[in-house]
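Next up, model_21.txt (compact mmCIF, N, CA and C atoms):
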# COMPACT_ATOMS: atom_id res chain seq x y z
N MET A 1 120.99 105.30 109.51
CA MET A 1 119.55 105.15 109.68
C MET A 1 119.02 106.31 110.51
N ALA A 2 117.93 106.87 110.06
CA ALA A 2 117.30 107.97 110.79
C ALA A 2 116.63 107.44 112.05
N GLY A 3 116.51 108.28 113.03
CA GLY A 3 115.87 107.89 114.28
C GLY A 3 114.37 107.71 114.12
N PHE A 4 113.75 107.12 115.11
CA PHE A 4 112.30 106.93 115.09
C PHE A 4 111.80 106.84 116.52
N ASP A 5 110.51 107.06 116.68
CA ASP A 5 109.86 106.99 117.98
C ASP A 5 108.92 105.80 118.01
N LEU A 6 108.83 105.18 119.16
CA LEU A 6 107.87 104.09 119.34
C LEU A 6 106.47 104.67 119.42
N ASP A 7 105.52 103.97 118.79
CA ASP A 7 104.11 104.34 118.87
C ASP A 7 103.31 103.05 118.89
N PHE A 8 103.02 102.57 120.09
CA PHE A 8 102.35 101.28 120.24
C PHE A 8 100.93 101.27 119.71
N SER A 9 100.36 102.43 119.42
CA SER A 9 99.01 102.47 118.85
C SER A 9 99.00 101.92 117.43
N LYS A 10 100.17 101.79 116.83
CA LYS A 10 100.26 101.28 115.46
C LYS A 10 100.43 99.77 115.39
N ILE A 11 100.41 99.10 116.53
CA ILE A 11 100.55 97.66 116.55
C ILE A 11 99.31 97.03 115.93
N LYS A 12 99.54 96.10 115.02
CA LYS A 12 98.43 95.38 114.38
C LYS A 12 98.33 94.00 115.01
N ASP A 13 97.12 93.53 115.20
CA ASP A 13 96.89 92.19 115.71
C ASP A 13 97.14 91.22 114.57
N MET A 14 98.18 90.42 114.69
CA MET A 14 98.53 89.47 113.63
C MET A 14 98.14 88.05 114.00
N ASN A 15 97.30 87.90 115.02
CA ASN A 15 96.81 86.57 115.36
C ASN A 15 95.76 86.18 114.33
N VAL A 16 96.09 85.24 113.50
CA VAL A 16 95.21 84.81 112.42
C VAL A 16 94.02 84.07 113.03
N THR A 17 92.82 84.53 112.70
CA THR A 17 91.62 83.89 113.23
C THR A 17 91.28 82.65 112.41
N ASP A 18 90.43 81.81 112.98
CA ASP A 18 90.01 80.59 112.29
C ASP A 18 89.40 80.93 110.93
N GLY A 19 89.69 80.11 109.95
CA GLY A 19 89.14 80.33 108.61
C GLY A 19 90.02 79.73 107.54
N LYS A 20 89.62 79.94 106.28
CA LYS A 20 90.39 79.48 105.13
C LYS A 20 91.12 80.67 104.52
N TYR A 21 92.37 80.43 104.13
CA TYR A 21 93.22 81.48 103.59
C TYR A 21 94.02 80.93 102.42
N GLU A 22 94.24 81.80 101.43
CA GLU A 22 95.17 81.47 100.37
C GLU A 22 96.54 81.95 100.81
N ALA A 23 97.52 81.07 100.69
CA ALA A 23 98.87 81.37 101.15
C ALA A 23 99.87 80.83 100.14
N VAL A 24 101.13 81.15 100.37
CA VAL A 24 102.22 80.56 99.59
C VAL A 24 103.19 79.93 100.57
N ILE A 25 103.86 78.88 100.10
CA ILE A 25 104.85 78.21 100.94
C ILE A 25 106.13 79.03 100.89
N ASN A 26 106.46 79.63 102.02
CA ASN A 26 107.64 80.48 102.12
C ASN A 26 108.91 79.66 102.30
N SER A 27 108.82 78.63 103.14
CA SER A 27 109.98 77.76 103.32
C SER A 27 109.54 76.41 103.88
N VAL A 28 110.35 75.41 103.58
CA VAL A 28 110.15 74.06 104.09
C VAL A 28 111.54 73.53 104.42
N ALA A 29 111.70 73.05 105.64
CA ALA A 29 113.02 72.54 106.04
C ALA A 29 112.88 71.57 107.20
N GLU A 30 113.86 70.70 107.30
CA GLU A 30 113.92 69.82 108.47
C GLU A 30 114.54 70.58 109.63
N ASP A 31 114.06 70.27 110.82
CA ASP A 31 114.57 70.90 112.02
C ASP A 31 114.41 69.89 113.15
N ALA A 32 114.79 70.27 114.35
CA ALA A 32 114.65 69.39 115.50
C ALA A 32 114.40 70.21 116.75
N THR A 33 113.70 69.61 117.69
CA THR A 33 113.46 70.25 118.98
C THR A 33 114.76 70.22 119.79
N LYS A 34 114.76 70.87 120.93
CA LYS A 34 115.92 70.85 121.82
C LYS A 34 116.28 69.43 122.24
N ASP A 35 115.25 68.58 122.31
CA ASP A 35 115.45 67.18 122.70
C ASP A 35 115.84 66.29 121.52
N GLY A 36 115.98 66.86 120.33
CA GLY A 36 116.42 66.08 119.17
C GLY A 36 115.31 65.43 118.37
N VAL A 37 114.05 65.75 118.65
CA VAL A 37 112.93 65.18 117.90
C VAL A 37 112.85 65.91 116.56
N GLN A 38 112.98 65.16 115.47
CA GLN A 38 113.00 65.76 114.14
C GLN A 38 111.59 66.06 113.62
N PHE A 39 111.51 67.15 112.85
CA PHE A 39 110.25 67.53 112.23
C PHE A 39 110.51 68.31 110.96
N ILE A 40 109.49 68.38 110.12
CA ILE A 40 109.52 69.25 108.94
C ILE A 40 108.79 70.53 109.35
N ASN A 41 109.45 71.64 109.16
CA ASN A 41 108.89 72.94 109.52
C ASN A 41 108.41 73.64 108.26
N LEU A 42 107.10 73.91 108.20
CA LEU A 42 106.53 74.64 107.07
C LEU A 42 106.17 76.05 107.50
N ASP A 43 106.62 77.01 106.73
CA ASP A 43 106.31 78.43 106.95
C ASP A 43 105.49 78.90 105.76
N LEU A 44 104.24 79.23 106.02
CA LEU A 44 103.34 79.72 104.98
C LEU A 44 103.10 81.21 105.21
N ILE A 45 102.93 81.96 104.13
CA ILE A 45 102.60 83.38 104.24
C ILE A 45 101.25 83.61 103.55
N ILE A 46 100.34 84.22 104.29
CA ILE A 46 99.03 84.54 103.72
C ILE A 46 99.21 85.60 102.65
N ARG A 47 98.61 85.35 101.50
CA ARG A 47 98.76 86.27 100.36
C ARG A 47 98.19 87.64 100.70
N ASN A 48 98.91 88.66 100.27
CA ASN A 48 98.48 90.05 100.51
C ASN A 48 97.89 90.70 99.27
N ASP A 49 97.80 89.95 98.17
CA ASP A 49 97.33 90.53 96.91
C ASP A 49 95.88 90.20 96.59
N LEU A 50 95.17 89.61 97.54
CA LEU A 50 93.77 89.25 97.32
C LEU A 50 92.87 90.18 98.10
N LYS A 51 91.97 90.84 97.40
CA LYS A 51 91.03 91.74 98.06
C LYS A 51 90.13 90.95 99.00
N GLY A 52 89.88 91.52 100.15
CA GLY A 52 88.97 90.91 101.10
C GLY A 52 89.59 89.82 101.96
N GLN A 53 90.83 89.46 101.70
CA GLN A 53 91.48 88.45 102.53
C GLN A 53 92.24 89.15 103.65
N LYS A 54 91.86 88.85 104.87
CA LYS A 54 92.51 89.46 106.03
C LYS A 54 93.86 88.80 106.30
N PHE A 55 94.65 89.46 107.09
CA PHE A 55 95.92 88.95 107.61
C PHE A 55 96.99 88.74 106.53
N GLY A 56 96.91 89.50 105.44
CA GLY A 56 97.94 89.42 104.41
C GLY A 56 99.32 89.63 105.01
N ASN A 57 100.27 88.84 104.58
CA ASN A 57 101.67 88.83 105.03
C ASN A 57 101.88 88.13 106.36
N ALA A 58 100.82 87.69 107.02
CA ALA A 58 101.00 86.95 108.28
C ALA A 58 101.54 85.56 107.98
N HIS A 59 102.36 85.08 108.87
CA HIS A 59 102.95 83.75 108.72
C HIS A 59 102.11 82.72 109.47
N ILE A 60 102.02 81.54 108.89
CA ILE A 60 101.40 80.39 109.53
C ILE A 60 102.49 79.32 109.58
N PHE A 61 102.80 78.86 110.78
CA PHE A 61 103.83 77.84 110.95
C PHE A 61 103.16 76.54 111.33
N THR A 62 103.62 75.47 110.73
CA THR A 62 103.13 74.15 111.11
C THR A 62 104.29 73.16 111.01
N ARG A 63 104.16 72.08 111.77
CA ARG A 63 105.23 71.08 111.82
C ARG A 63 104.66 69.69 111.55
N ILE A 64 105.46 68.88 110.90
CA ILE A 64 105.15 67.47 110.70
C ILE A 64 106.25 66.69 111.40
N PHE A 65 105.89 66.02 112.48
CA PHE A 65 106.87 65.28 113.28
C PHE A 65 107.06 63.86 112.78
N LYS A 66 108.26 63.34 112.97
CA LYS A 66 108.52 61.93 112.68
C LYS A 66 107.77 61.08 113.68
N SER A 67 107.33 59.92 113.24
CA SER A 67 106.65 58.97 114.11
C SER A 67 107.64 58.41 115.12
N LYS A 68 107.22 58.32 116.37
CA LYS A 68 108.08 57.73 117.40
C LYS A 68 108.28 56.23 117.15
N LYS A 69 107.28 55.58 116.57
CA LYS A 69 107.35 54.14 116.33
C LYS A 69 108.28 53.79 115.17
N THR A 70 108.15 54.53 114.06
CA THR A 70 108.90 54.18 112.84
C THR A 70 110.11 55.08 112.60
N ASN A 71 110.17 56.22 113.27
CA ASN A 71 111.19 57.23 113.05
C ASN A 71 111.17 57.76 111.61
N LYS A 72 109.98 57.75 110.99
CA LYS A 72 109.79 58.28 109.65
C LYS A 72 108.64 59.30 109.67
N TYR A 73 108.66 60.17 108.68
CA TYR A 73 107.56 61.13 108.55
C TYR A 73 106.31 60.42 108.07
N PRO A 74 105.14 60.82 108.56
CA PRO A 74 103.88 60.20 108.10
C PRO A 74 103.67 60.44 106.61
N THR A 75 103.65 59.37 105.85
CA THR A 75 103.50 59.46 104.39
C THR A 75 102.25 60.23 104.01
N GLY A 76 101.15 59.98 104.69
CA GLY A 76 99.90 60.66 104.36
C GLY A 76 100.00 62.16 104.46
N MET A 77 100.72 62.66 105.46
CA MET A 77 100.87 64.11 105.62
C MET A 77 101.77 64.69 104.54
N ILE A 78 102.82 63.96 104.17
CA ILE A 78 103.71 64.41 103.09
C ILE A 78 102.93 64.51 101.78
N MET A 79 102.09 63.50 101.51
CA MET A 79 101.29 63.48 100.29
C MET A 79 100.22 64.57 100.31
N ALA A 80 99.63 64.84 101.48
CA ALA A 80 98.60 65.87 101.59
C ALA A 80 99.15 67.26 101.30
N VAL A 81 100.36 67.54 101.78
CA VAL A 81 100.99 68.83 101.50
C VAL A 81 101.24 68.96 100.00
N ALA A 82 101.76 67.91 99.39
CA ALA A 82 102.03 67.94 97.94
C ALA A 82 100.75 68.16 97.15
N LYS A 83 99.69 67.46 97.53
CA LYS A 83 98.41 67.61 96.82
C LYS A 83 97.87 69.02 96.98
N ALA A 84 97.95 69.57 98.21
CA ALA A 84 97.47 70.93 98.46
C ALA A 84 98.26 71.95 97.65
N ALA A 85 99.52 71.64 97.38
CA ALA A 85 100.38 72.54 96.62
C ALA A 85 100.25 72.34 95.11
N GLY A 86 99.35 71.44 94.70
CA GLY A 86 99.07 71.26 93.28
C GLY A 86 100.08 70.42 92.53
N MET A 87 100.84 69.61 93.24
CA MET A 87 101.79 68.73 92.55
C MET A 87 101.04 67.58 91.89
N LYS A 88 101.63 67.06 90.83
CA LYS A 88 101.00 65.97 90.09
C LYS A 88 101.21 64.64 90.80
N ASP A 89 100.16 63.83 90.80
CA ASP A 89 100.24 62.49 91.37
C ASP A 89 101.33 61.70 90.64
N LYS A 90 102.03 60.89 91.36
CA LYS A 90 103.10 60.02 90.85
C LYS A 90 104.38 60.78 90.52
N SER A 91 104.48 62.06 90.94
CA SER A 91 105.73 62.80 90.73
C SER A 91 106.86 62.13 91.50
N HIS A 92 108.07 62.20 90.95
CA HIS A 92 109.23 61.59 91.58
C HIS A 92 110.12 62.68 92.19
N PHE A 93 110.70 62.39 93.35
CA PHE A 93 111.64 63.30 94.00
C PHE A 93 112.88 62.50 94.35
N ASP A 94 114.04 63.08 94.09
CA ASP A 94 115.29 62.39 94.35
C ASP A 94 115.64 62.33 95.84
N SER A 95 115.06 63.25 96.61
CA SER A 95 115.34 63.30 98.04
C SER A 95 114.28 64.17 98.71
N LEU A 96 114.32 64.17 100.02
CA LEU A 96 113.41 65.04 100.77
C LEU A 96 113.72 66.50 100.45
N GLU A 97 114.99 66.82 100.30
CA GLU A 97 115.39 68.19 99.95
C GLU A 97 114.83 68.58 98.58
N ASP A 98 114.83 67.66 97.63
CA ASP A 98 114.26 67.90 96.31
C ASP A 98 112.77 68.21 96.43
N TYR A 99 112.08 67.44 97.26
CA TYR A 99 110.65 67.67 97.54
C TYR A 99 110.44 69.07 98.12
N PHE A 100 111.28 69.45 99.08
CA PHE A 100 111.18 70.78 99.70
C PHE A 100 111.35 71.88 98.64
N GLN A 101 112.34 71.72 97.79
CA GLN A 101 112.62 72.72 96.75
C GLN A 101 111.44 72.89 95.80
N LYS A 102 110.78 71.79 95.49
CA LYS A 102 109.65 71.86 94.56
C LYS A 102 108.40 72.44 95.22
N LEU A 103 108.33 72.43 96.54
CA LEU A 103 107.21 73.05 97.26
C LEU A 103 107.36 74.57 97.38
N TRP A 104 108.59 75.04 97.32
CA TRP A 104 108.90 76.44 97.58
C TRP A 104 108.08 77.39 96.70
N HIS A 105 107.41 78.31 97.34
CA HIS A 105 106.60 79.38 96.73
C HIS A 105 105.34 78.89 96.02
N ARG A 106 104.95 77.66 96.23
CA ARG A 106 103.70 77.17 95.65
C ARG A 106 102.52 77.71 96.44
N PRO A 107 101.43 78.04 95.75
CA PRO A 107 100.23 78.50 96.45
C PRO A 107 99.48 77.33 97.07
N VAL A 108 98.86 77.58 98.21
CA VAL A 108 98.06 76.57 98.90
C VAL A 108 96.84 77.24 99.52
N LEU A 109 95.80 76.47 99.69
CA LEU A 109 94.62 76.90 100.43
C LEU A 109 94.72 76.20 101.78
N VAL A 110 94.75 76.99 102.86
CA VAL A 110 94.91 76.42 104.19
C VAL A 110 93.72 76.76 105.07
N THR A 111 93.46 75.88 106.00
CA THR A 111 92.43 76.12 107.00
C THR A 111 93.12 76.31 108.34
N VAL A 112 92.85 77.44 108.97
CA VAL A 112 93.43 77.74 110.28
C VAL A 112 92.38 77.43 111.34
N LYS A 113 92.79 76.69 112.35
CA LYS A 113 91.94 76.40 113.48
C LYS A 113 92.80 76.55 114.73
N ASN A 114 92.52 77.57 115.50
CA ASN A 114 93.29 77.82 116.71
C ASN A 114 92.81 76.92 117.82
N GLU A 115 93.74 76.19 118.40
CA GLU A 115 93.44 75.28 119.50
C GLU A 115 94.49 75.45 120.57
N GLU A 116 94.12 75.12 121.79
CA GLU A 116 95.08 75.15 122.86
C GLU A 116 95.86 73.84 122.83
N SER A 117 97.15 73.92 122.95
CA SER A 117 98.00 72.74 122.89
C SER A 117 97.91 71.94 124.19
N GLU A 118 97.92 70.64 124.04
CA GLU A 118 97.95 69.76 125.21
C GLU A 118 99.36 69.78 125.82
N TYR A 119 100.36 70.11 125.01
CA TYR A 119 101.74 70.17 125.47
C TYR A 119 102.01 71.52 126.10
N ASN A 120 102.24 71.57 127.34
CA ASN A 120 102.53 72.80 128.09
C ASN A 120 101.48 73.89 127.91
N GLY A 121 100.22 73.50 127.70
CA GLY A 121 99.13 74.48 127.59
C GLY A 121 99.17 75.23 126.30

Now that the file is in, can you turn its structure into structure tokens?
Amino acid sequence: MAGFDLDFSKIKDMNVTDGKYEAVINSVAEDATKDGVQFINLDLIIRNDLKGQKFGNAHIFTRIFKSKKTNKYPTGMIMAVAKAAGMKDKSHFDSLEDYFQKLWHRPVLVTVKNEESEYNG
């Protein structure tokens, strides 16, 4: 690999501002916090092929946590992701992993709203 020099003037601000963006689902997987709290981790990438859409190639990460009461994922959120991804109502999935696989690379319209977290600021 050839050498290179740092040039911090080339840094781009990748903080996605509030708004609606067309994105694709880059990955969907189960994960857990350090304390063992399970969640579904969604990684979306803002499309870079649309004229006038800012922040192309930026990632948007979101999580769907299991309910503390039921230890299950909120059904409404699972259905909302599927609907946003254009899946057909009444579709059947053999497992959560099957659902994840069918979401992969599907286009979605997302709304970004930056908020300060109540958890650790």

- Message: What's around segment 70-74 of chain A at 8 Å? Count only N, CA and C atoms, leave out sequence neighbours fewer than 6 positions away in its own chain, and write the answer as a PyMOL selection string.
- Response: chain A and resi 39-40+64+80

- Provide the atom CA of His105 of chain A to atom CA of Met77 of chain A distance in Å, to one decimal place. 18.6 Å

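Here atom CA of Leu42 of chain A stands at a distance of 25.6 Å from atom CA of Ile11 of chain A.
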
Please write out, as lines of an AutoDock Vina configuration file, where the centre of an axis-aligned box around all listed atoms of segment 106-120 of chain A lies and how long its edges are, in Å to one decimal, after adding 8 Å on each side.
center_x = 98.4
center_y = 74.1
center_z = 111.9
size_x = 29.0
size_y = 24.7
size_z = 48.4

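Reported to one decimal place, the separation of atom CA of Ser67 of chain A from atom CA of Ala23 of chain A is 27.0 Å.
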
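Excluding Leu96 of chain A itself and any same-chain residue fewer than 3 positions from it, the protein and nucleic acid residues within 12 Å of it, counting only C-alpha atoms, are Val28, Ala29, Glu30, Ile40, Lys72, Tyr73, Thr75, Ile78, His92, Phe93, Tyr99, Phe100, Gln101, Lys102 and Leu103 of chain A.
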
Quick one: everything within 8 Å of Lys54 of chain A, counting only N, CA and C atoms, minus sequence neighbours fewer than 4 positions away in the same chain. Send it as a compact mmCIF listing (two decimals) with N, CA and C atoms, in the frame of the given file.
# COMPACT_ATOMS: atom_id res chain seq x y z
N VAL A 16 96.09 85.24 113.50
CA VAL A 16 95.21 84.81 112.42
C VAL A 16 94.02 84.07 113.03
N THR A 17 92.82 84.53 112.70
CA THR A 17 91.62 83.89 113.23
C THR A 17 91.28 82.65 112.41
N TYR A 21 92.37 80.43 104.13
CA TYR A 21 93.22 81.48 103.59
C TYR A 21 94.02 80.93 102.42
N ILE A 46 100.34 84.22 104.29
CA ILE A 46 99.03 84.54 103.72
C ILE A 46 99.21 85.60 102.65
N ARG A 47 98.61 85.35 101.50
CA ARG A 47 98.76 86.27 100.36
C ARG A 47 98.19 87.64 100.70
N ASN A 48 98.91 88.66 100.27
CA ASN A 48 98.48 90.05 100.51
C ASN A 48 97.89 90.70 99.27
N LEU A 50 95.17 89.61 97.54
CA LEU A 50 93.77 89.25 97.32
C LEU A 50 92.87 90.18 98.10
N ALA A 58 100.82 87.69 107.02
CA ALA A 58 101.00 86.95 108.28
C ALA A 58 101.54 85.56 107.98

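All polymer residues at most 7 Å from (108.6, 79.4, 104.6), using all atoms listed in the file, appear as A:Val24, A:Ile25, A:Asn26, A:Ser27, A:Val28, A:Asn41, A:Leu42, A:Asp43, A:Leu44, A:Ile45.
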
Can you fill out segment 76-87 of chain A with all heavy atoms and hand it back as a PDB file, in the coordinates of the input?
ATOM      1  N   GLY A  76     101.150  59.980 104.690  1.00  0.00           N
ATOM      2  CA  GLY A  76      99.900  60.660 104.360  1.00  0.00           C
ATOM      3  C   GLY A  76     100.000  62.160 104.460  1.00  0.00           C
ATOM      4  O   GLY A  76      99.453  62.888 103.624  1.00  0.00           O
ATOM      5  N   MET A  77     100.720  62.660 105.460  1.00  0.00           N
ATOM      6  CA  MET A  77     100.870  64.110 105.620  1.00  0.00           C
ATOM      7  C   MET A  77     101.770  64.690 104.540  1.00  0.00           C
ATOM      8  O   MET A  77     101.504  65.775 104.019  1.00  0.00           O
ATOM      9  CB  MET A  77     101.393  64.435 107.012  1.00  0.00           C
ATOM     10  CG  MET A  77     100.378  64.112 108.101  1.00  0.00           C
ATOM     11  SD  MET A  77     100.933  64.570 109.741  1.00  0.00           S
ATOM     12  CE  MET A  77     100.506  66.296 109.737  1.00  0.00           C
ATOM     13  N   ILE A  78     102.820  63.960 104.170  1.00  0.00           N
ATOM     14  CA  ILE A  78     103.710  64.410 103.090  1.00  0.00           C
ATOM     15  C   ILE A  78     102.930  64.510 101.780  1.00  0.00           C
ATOM     16  O   ILE A  78     103.058  65.476 101.031  1.00  0.00           O
ATOM     17  CB  ILE A  78     104.906  63.434 102.935  1.00  0.00           C
ATOM     18  CG1 ILE A  78     105.730  63.350 104.225  1.00  0.00           C
ATOM     19  CG2 ILE A  78     105.767  63.801 101.740  1.00  0.00           C
ATOM     20  CD1 ILE A  78     106.446  64.600 104.614  1.00  0.00           C
ATOM     21  N   MET A  79     102.090  63.500 101.510  1.00  0.00           N
ATOM     22  CA  MET A  79     101.290  63.480 100.290  1.00  0.00           C
ATOM     23  C   MET A  79     100.220  64.570 100.310  1.00  0.00           C
ATOM     24  O   MET A  79      99.943  65.203  99.290  1.00  0.00           O
ATOM     25  CB  MET A  79     100.619  62.115 100.099  1.00  0.00           C
ATOM     26  CG  MET A  79     101.559  60.942 100.004  1.00  0.00           C
ATOM     27  SD  MET A  79     102.759  61.111  98.683  1.00  0.00           S
ATOM     28  CE  MET A  79     104.168  60.331  99.436  1.00  0.00           C
ATOM     29  N   ALA A  80      99.630  64.840 101.480  1.00  0.00           N
ATOM     30  CA  ALA A  80      98.600  65.870 101.590  1.00  0.00           C
ATOM     31  C   ALA A  80      99.150  67.260 101.300  1.00  0.00           C
ATOM     32  O   ALA A  80      98.507  68.072 100.639  1.00  0.00           O
ATOM     33  CB  ALA A  80      97.953  65.825 102.976  1.00  0.00           C
ATOM     34  N   VAL A  81     100.360  67.540 101.780  1.00  0.00           N
ATOM     35  CA  VAL A  81     100.990  68.830 101.500  1.00  0.00           C
ATOM     36  C   VAL A  81     101.240  68.960 100.000  1.00  0.00           C
ATOM     37  O   VAL A  81     100.954  70.004  99.400  1.00  0.00           O
ATOM     38  CB  VAL A  81     102.298  69.003 102.307  1.00  0.00           C
ATOM     39  CG1 VAL A  81     103.065  70.239 101.846  1.00  0.00           C
ATOM     40  CG2 VAL A  81     102.004  69.081 103.802  1.00  0.00           C
ATOM     41  N   ALA A  82     101.760  67.910  99.390  1.00  0.00           N
ATOM     42  CA  ALA A  82     102.030  67.940  97.940  1.00  0.00           C
ATOM     43  C   ALA A  82     100.750  68.160  97.150  1.00  0.00           C
ATOM     44  O   ALA A  82     100.719  68.943  96.194  1.00  0.00           O
ATOM     45  CB  ALA A  82     102.725  66.652  97.515  1.00  0.00           C
ATOM     46  N   LYS A  83      99.690  67.460  97.530  1.00  0.00           N
ATOM     47  CA  LYS A  83      98.410  67.610  96.820  1.00  0.00           C
ATOM     48  C   LYS A  83      97.870  69.020  96.980  1.00  0.00           C
ATOM     49  O   LYS A  83      97.414  69.640  96.018  1.00  0.00           O
ATOM     50  CB  LYS A  83      97.409  66.582  97.346  1.00  0.00           C
ATOM     51  CG  LYS A  83      96.100  66.603  96.590  1.00  0.00           C
ATOM     52  CD  LYS A  83      95.170  65.502  97.071  1.00  0.00           C
ATOM     53  CE  LYS A  83      93.873  65.522  96.262  1.00  0.00           C
ATOM     54  NZ  LYS A  83      92.955  64.458  96.707  1.00  0.00           N
ATOM     55  N   ALA A  84      97.950  69.570  98.210  1.00  0.00           N
ATOM     56  CA  ALA A  84      97.470  70.930  98.460  1.00  0.00           C
ATOM     57  C   ALA A  84      98.260  71.950  97.650  1.00  0.00           C
ATOM     58  O   ALA A  84      97.734  72.994  97.260  1.00  0.00           O
ATOM     59  CB  ALA A  84      97.549  71.257  99.950  1.00  0.00           C
ATOM     60  N   ALA A  85      99.520  71.640  97.380  1.00  0.00           N
ATOM     61  CA  ALA A  85     100.380  72.540  96.620  1.00  0.00           C
ATOM     62  C   ALA A  85     100.250  72.340  95.110  1.00  0.00           C
ATOM     63  O   ALA A  85     100.967  72.962  94.332  1.00  0.00           O
ATOM     64  CB  ALA A  85     101.839  72.349  97.044  1.00  0.00           C
ATOM     65  N   GLY A  86      99.350  71.440  94.700  1.00  0.00           N
ATOM     66  CA  GLY A  86      99.070  71.260  93.280  1.00  0.00           C
ATOM     67  C   GLY A  86     100.080  70.420  92.530  1.00  0.00           C
ATOM     68  O   GLY A  86     100.155  70.490  91.299  1.00  0.00           O
ATOM     69  N   MET A  87     100.840  69.610  93.240  1.00  0.00           N
ATOM     70  CA  MET A  87     101.790  68.730  92.550  1.00  0.00           C
ATOM     71  C   MET A  87     101.040  67.580  91.890  1.00  0.00           C
ATOM     72  O   MET A  87      99.965  67.194  92.331  1.00  0.00           O
ATOM     73  CB  MET A  87     102.808  68.193  93.542  1.00  0.00           C
ATOM     74  CG  MET A  87     103.730  69.250  94.078  1.00  0.00           C
ATOM     75  SD  MET A  87     104.967  68.501  95.145  1.00  0.00           S
ATOM     76  CE  MET A  87     106.095  69.853  95.302  1.00  0.00           C
TER      77      MET A  87
END
